[in-house]
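The structure under discussion appears below in the form of structure tokens.
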Amino acid sequence: MRNGLLARLAGRRLGISRFANALWAGGAIALFISVGAGSPRPALAADPLEVVKLVLSEREVSAGGQQILQVTMRGLGSRPTRAGLRVDIRDERDNRVGPGIDRVVQVGAGGEQREFFRFDAPNRFGRFTVRVEVFAPDFKSRLLAGAPVFYAPFQVGSIPEPGLAAKPRPGEKPEPGRPAMKAGPPTFAPPRGLSFEKPDLVWENVDIQPMALLVGEPLTIKADLRNVGGDIARGIDIKADYFNTRTPANLISISKSTVPVLAPGDKVAMEFEAKFPEDSPLGDYKVQLVIDPANRVAETNKENNVVVSEVPIRLSLIKLVFPEPGYYFEQTGLFLFRWDSRRFDEFKVQVGTDPAFTTADTYFDIPQGDKWTKDREIVPLEGELPDMALGLMEKGRTNQLYWRVVGRSTALGVQSVSQSSVFSIRKMAGKPGEGSMEPAAKAPARPPAAQKDRVEAPKNVEPPAKPSDEAKPREVAPKP
């Protein structure tokens, strides 16, 4: 828990003396407040704001590592207040280390304002202190009465804080070059009513591509991990898995990682990649992303730490590319079918009104007979589409069609069939060249009752998707 401890500063309402330091047992809170001469007193009514606390992301940081400082202020006046914050790093002799940071901020009346400062830790071993002073916006005069200075300590390297050093074991010699530790100040308990905000970690902008993929193709998941809470989160474990929708309890790991620190309002863009093994069952899969699976990070809400993809990812041996589900072809337009496969080298397209393609007289093949194509796209003949397809629609009294692809490997002598996908044809109103809204006078040609050389799809290879009876085709633009 050493790296998990935060240095916190409670504001001037805790009481301010000329120099006071206190250490919370275990190092969770370090209080360092220095003001000018005078007896302890609460914040003056004339002060336009008060510094409530300082929070450091790392109590112990490696040389050159990044630190994040959160300064929380509260407005005390009836109007918003502009102030200048000066943040710098001091060593054990109170010498300034590196450049400081000056920033003008505005604190609302009666509200809290949090400012975050990022800086690199010194590139040398030792103890250091972040020092914060409050100025007028022009940085020429102090804004608060008594000119208080606020401190938050940290260390570069692994030196224990005073009083927290581990006791040497019998016969154990101290590490060469490590200074001896002296007893620290008495422990400090935070006053009643003082509470610190908790982080709240959520997933945003989850993007999974592609939603249909072939065995062996990579699946890419992109998501933003954001802290929408009020405090810094550290040591955030992330877990990404996928599962087959038929066996949701069988999670297959994609990635495990840890985000070291995340400040309030910040986000981390994450990307994961998965490849389905060759022996993966075909069908639908979903992705699950989990924040803090071991429940080690205290948050305001733990119910939003898990996200599961809503739309299933289709894993197949033949991937349908175009037309997309619900696409409308124009009756006089271009008809095109496109697909992809890594396992097969010859293909047929089947078009029909039965999504399961079980009845021979409800679908036809492209190309017909014993012909196959080695291409991964095909433009049907005019007699096939739209004519034969419109005939099937009229016969089946339906306004939608289905298509799928049968693939075969000439080397292995095996076949497989893709899932089916719905599309439709927008019929031309009236006769060609007329504006009548009546149906076309010429009835489309009907396909033959059954094709002698029709290719029968292999059984139990890849079950067709079950379309909803209520689903209606929608028009979408084809992907390039």
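In the structure tokens, chains take letters A, B, ... by order of appearance, with residues numbered from 1 within each chain and ligands from 1 in the order shown.
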Excluding A:Ser62 and any residue of its chain fewer than 6 positions from it, enumerate the residues within 8 Å of it, using only C-alpha atoms, and give them as an NGL selection string. :A and (121 or 156-157)
Among the residues of stretch 144-362 of chain A, find those DSSP assigns to strand (DSSP E) from the backbone and print them as a ChimeraX atom specification. /A:149-156,201-209,212-214,218-227,233-244,252-262,267-275,283-291,306-308,313-316,318-322,327-330,337-341,346-352
Atomic separation - atom CA of A:Ala212 relative to atom CA of A:Leu320, Å: 7.9 Å
Test item: residues at most 9 Å from A:Asn227, only C-alpha atoms, excluding those fewer than 4 positions along its chain, as a list in words: Pro199, Asp200, Leu201, Val202, Asp231, Ile232, Ala233, Leu262, Ala263, Pro264, Gly265, Asp266 and Lys267 of chain A
Please provide as a PyMOL selection string all residues within 12 Å of A:Glu382, with the sequence filter that same-chain residues fewer than 2 positions apart are discarded (counting only C-alpha atoms). chain A and resi 331-336+366+379-380+384-390+444-445
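Checking A:Glu271, A:Pro148, A:Val206, A:Leu392 one by one against A:Glu310, counting only C-alpha atoms, you find the shortest gap at A:Val206.
For the pair atom CA of A:Val107 and atom CA of A:Glu58, the separation is 25.9 Å.
Atom CA of A:Val311 to atom CA of A:Thr247 spans 16.1 Å [interatomic distance, one decimal].
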Stretch 221-226 of chain A: which residues within 12 Å, counting only C-alpha atoms, same-chain residues fewer than 5 positions away excluded, as a count of residues only? 55
Could you give me, as a count of residues only, each residue of stretch 188-401 of chain A that DSSP assigns to helix (DSSP H, G or I) when run on this structure's backbone? 17
Got a sec: who's within 6 Å of A:Val130, counting only C-alpha atoms, leaving out chain neighbours fewer than 2 positions off, as a PyMOL selection string? chain A and resi 88-89+151-152
List the spatial neighbours of A:Lys198 as a CSV table (one decimal) with all heavy atoms, in the first residue's frame - criterion: any atom at most 6 Å away, only C-alpha atoms, same-chain residues fewer than 5 positions off excluded.
chain,number,residue,atom,x,y,z
A,230,GLY,N,-14.2,12.4,-8.3
A,230,GLY,CA,-13.6,13.6,-7.8
A,230,GLY,C,-12.2,13.4,-7.2
A,230,GLY,O,-11.6,14.3,-6.6
A,231,ASP,N,-11.6,12.2,-7.4
A,231,ASP,CA,-10.3,12.0,-6.8
A,231,ASP,C,-9.4,11.1,-7.7
A,231,ASP,O,-9.9,10.5,-8.7
A,231,ASP,CB,-10.4,11.3,-5.4
A,231,ASP,CG,-9.2,11.6,-4.5
A,231,ASP,OD1,-8.2,12.2,-5.1
A,231,ASP,OD2,-9.2,11.3,-3.3
A,299,GLU,N,-14.5,3.3,-5.2
A,299,GLU,CA,-15.2,4.2,-6.1
A,299,GLU,C,-16.6,4.6,-5.6
A,299,GLU,O,-17.1,3.9,-4.8
A,299,GLU,CB,-15.4,3.6,-7.5
A,299,GLU,CG,-14.1,3.2,-8.2
A,299,GLU,CD,-14.4,2.5,-9.5
A,299,GLU,OE1,-14.9,3.2,-10.4
A,299,GLU,OE2,-14.0,1.4,-9.7
A,300,THR,N,-17.1,5.7,-6.2
A,300,THR,CA,-18.4,6.1,-5.8
A,300,THR,C,-19.5,5.2,-6.4
A,300,THR,O,-20.6,5.0,-5.9
A,300,THR,CB,-18.7,7.5,-6.3
A,300,THR,OG1,-18.5,7.6,-7.7
A,300,THR,CG2,-17.8,8.5,-5.6
